[in-house]
Amino acid sequence: MRRTSFANWPCSIARTMDLLGDWWTPLVLRESFYGVTRFDVFQQQLGIARNTLADRLRRLVDEGILEKRPYQSEPVRHEYVLTEKGRDFFGVLAAMNSWGNRWLSGDDGAPVVFRHEPCGHDSTAEVVCAHCKAPMTSADTRPRMGPGFPAGLADRAEVRRRFAHDAVDGPALENF
């Protein structure tokens, strides 16, 4: 069965999910942040089928998230290294880890915590406003059409209704 592509949807969340495609891709990226660079180590750590892993690595390289670099010539072997685009994905994984630690951890507590090395403390990801640095919550944050929103869609009545809360007193994301 062929899945629907979200690559051209006017939504960065949908486009990101299209790129990720399945549950293996974020786990491959997690391993990259843990320092894994070699195919066999990815395969061993994840227990993923070799063909599935090869497909996910190829996609991440094609998307510019990982860079494929030779580390051995006879036979040729490659390592997979995060690019700037890939390193920028850290915040997404950190937010997922924080949410999972809060809502999915059992009685034993969080399985993985992140230590912020500059201050030496364990911490969690927090979404803050890039302008004022205050925490952003669903109660005080509203989606708006950005400059890349397709004009043809913006003219449709159901889309205008969806974004009618652009006014200051309209519903926030928690009511979206």
# chains A, B, ... in the order shown; residues from 1 in each chain; ligands from 1
>>> select_by_dssp(residues="region 45-171 of chain A", states="strand (DSSP E)", output="MDAnalysis selection string")
chainID A and resid 66:73 76:82 114:116 121:123
>>> residues_around(residues="region 113-120 of chain A", least_positions_apart="6", cutoff="12 Å", atoms="only C-alpha atoms", output="list in words")
Phe33, Tyr34, Phe90, Gly91, Leu93, Ala94, Ala95, Met96, Asn97, Ser98, Trp99, Gly100, Asn101, Arg102 and Ser105 of chain A
>>> write_last_selection(atoms="all heavy atoms", output="compact mmCIF listing (two decimals), in the first residue's frame")
# COMPACT_ATOMS: atom_id res chain seq x y z
N PHE A 33 22.86 11.06 17.32
CA PHE A 33 23.17 11.98 18.41
C PHE A 33 23.91 11.29 19.54
O PHE A 33 24.67 11.93 20.26
CB PHE A 33 21.91 12.68 18.92
CG PHE A 33 21.46 13.80 18.04
CD1 PHE A 33 20.38 13.64 17.19
CD2 PHE A 33 22.14 15.01 18.03
CE1 PHE A 33 19.99 14.66 16.36
CE2 PHE A 33 21.75 16.04 17.20
CZ PHE A 33 20.67 15.88 16.36
N TYR A 34 23.71 9.99 19.69
CA TYR A 34 24.46 9.23 20.69
C TYR A 34 25.89 8.93 20.23
O TYR A 34 26.66 8.33 20.95
CB TYR A 34 23.76 7.91 21.01
CG TYR A 34 22.50 8.03 21.85
CD1 TYR A 34 21.78 6.89 22.15
CD2 TYR A 34 22.04 9.23 22.36
CE1 TYR A 34 20.63 6.94 22.92
CE2 TYR A 34 20.90 9.30 23.13
CZ TYR A 34 20.20 8.16 23.41
OH TYR A 34 19.06 8.21 24.18
N PHE A 90 18.08 18.16 16.82
CA PHE A 90 18.22 17.80 18.23
C PHE A 90 17.06 18.29 19.08
O PHE A 90 16.55 17.57 19.93
CB PHE A 90 19.54 18.31 18.82
CG PHE A 90 19.63 18.07 20.29
CD1 PHE A 90 19.88 16.80 20.78
CD2 PHE A 90 19.42 19.10 21.19
CE1 PHE A 90 19.93 16.55 22.15
CE2 PHE A 90 19.47 18.87 22.56
CZ PHE A 90 19.72 17.60 23.04
N GLY A 91 16.62 19.53 18.86
CA GLY A 91 15.53 20.08 19.66
C GLY A 91 14.26 19.27 19.56
O GLY A 91 13.51 19.13 20.53
N LEU A 93 14.08 15.96 18.98
CA LEU A 93 14.28 14.73 19.77
C LEU A 93 14.27 15.04 21.26
O LEU A 93 13.72 14.27 22.06
CB LEU A 93 15.58 14.05 19.37
CG LEU A 93 15.60 13.44 17.97
CD1 LEU A 93 16.97 12.82 17.68
CD2 LEU A 93 14.52 12.41 17.80
N ALA A 94 14.87 16.16 21.65
CA ALA A 94 14.89 16.54 23.07
C ALA A 94 13.47 16.80 23.58
O ALA A 94 13.12 16.41 24.70
CB ALA A 94 15.77 17.78 23.28
N ALA A 95 12.64 17.44 22.75
CA ALA A 95 11.25 17.68 23.15
C ALA A 95 10.49 16.36 23.26
O ALA A 95 9.70 16.17 24.20
CB ALA A 95 10.57 18.61 22.14
N MET A 96 10.72 15.44 22.33
CA MET A 96 10.06 14.13 22.40
C MET A 96 10.50 13.38 23.66
O MET A 96 9.68 12.75 24.34
CB MET A 96 10.40 13.31 21.15
CG MET A 96 9.74 13.83 19.89
SD MET A 96 10.33 13.01 18.40
CE MET A 96 9.66 11.37 18.61
N ASN A 97 11.78 13.46 23.98
CA ASN A 97 12.31 12.80 25.17
C ASN A 97 11.67 13.39 26.43
O ASN A 97 11.25 12.66 27.34
CB ASN A 97 13.83 12.93 25.21
CG ASN A 97 14.44 12.08 26.29
OD1 ASN A 97 14.45 10.86 26.19
ND2 ASN A 97 14.94 12.73 27.34
N SER A 98 11.56 14.71 26.49
CA SER A 98 10.96 15.36 27.66
C SER A 98 9.50 14.94 27.84
O SER A 98 9.06 14.63 28.95
CB SER A 98 11.03 16.89 27.52
OG SER A 98 12.35 17.32 27.59
N TRP A 99 8.76 14.96 26.73
CA TRP A 99 7.35 14.57 26.80
C TRP A 99 7.23 13.11 27.23
O TRP A 99 6.41 12.76 28.09
CB TRP A 99 6.68 14.82 25.45
CG TRP A 99 5.21 14.59 25.47
CD1 TRP A 99 4.24 15.50 25.80
CD2 TRP A 99 4.52 13.37 25.19
NE1 TRP A 99 3.00 14.92 25.71
CE2 TRP A 99 3.15 13.61 25.35
CE3 TRP A 99 4.94 12.09 24.81
CZ2 TRP A 99 2.18 12.62 25.14
CZ3 TRP A 99 3.98 11.11 24.61
CH2 TRP A 99 2.62 11.38 24.77
N GLY A 100 8.03 12.24 26.62
CA GLY A 100 8.00 10.83 26.98
C GLY A 100 8.38 10.58 28.43
O GLY A 100 7.77 9.75 29.11
N ASN A 101 9.39 11.31 28.92
CA ASN A 101 9.77 11.17 30.32
C ASN A 101 8.65 11.58 31.26
O ASN A 101 8.44 10.97 32.30
CB ASN A 101 11.03 11.97 30.63
CG ASN A 101 12.29 11.31 30.11
OD1 ASN A 101 12.28 10.16 29.66
ND2 ASN A 101 13.39 12.03 30.16
N ARG A 102 7.91 12.62 30.87
CA ARG A 102 6.83 13.09 31.73
C ARG A 102 5.62 12.17 31.69
O ARG A 102 5.02 11.88 32.73
CB ARG A 102 6.41 14.50 31.32
CG ARG A 102 5.26 15.01 32.16
CD ARG A 102 4.93 16.45 31.92
NE ARG A 102 3.81 16.81 32.79
CZ ARG A 102 3.18 17.95 32.72
NH1 ARG A 102 3.56 18.86 31.85
NH2 ARG A 102 2.19 18.19 33.53
N SER A 105 6.94 7.47 31.28
CA SER A 105 7.86 6.77 32.18
C SER A 105 7.07 5.99 33.22
O SER A 105 6.04 6.45 33.71
CB SER A 105 8.78 7.76 32.90
OG SER A 105 9.65 8.36 31.98
>>> closest_residue(among="A:Ser73, A:Glu67, A:Arg15, A:Val81", to="Glu31 (chain A)", atoms="only C-alpha atoms")
A:Val81
>>> atom_distance(atom1="CA of Asp62 (chain A)", atom2="CA of Thr4 (chain A)")
19.5 Å
>>> residues_around(residues="Phe6 (chain A)", least_positions_apart="6", cutoff="10 Å", atoms="only C-alpha atoms", output="PyMOL selection string")
chain A and resi 12-19+21
>>> closest_residue(among="A:Ala154, A:Leu29, A:Cys11, A:Ala130", to="Leu53 (chain A)", atoms="only C-alpha atoms")
A:Leu29
>>> select_by_dssp(residues="region 35-136 of chain A", states="alpha helix (DSSP H)", output="JSON, numbers by chain")
{"A": [39, 40, 41, 42, 43, 44, 45, 46, 50, 51, 52, 53, 54, 55, 56, 57, 58, 59, 60, 61, 62, 84, 85, 86, 87, 90, 91, 92, 93, 94, 95, 96, 97, 98, 99, 100, 101, 102, 103]}
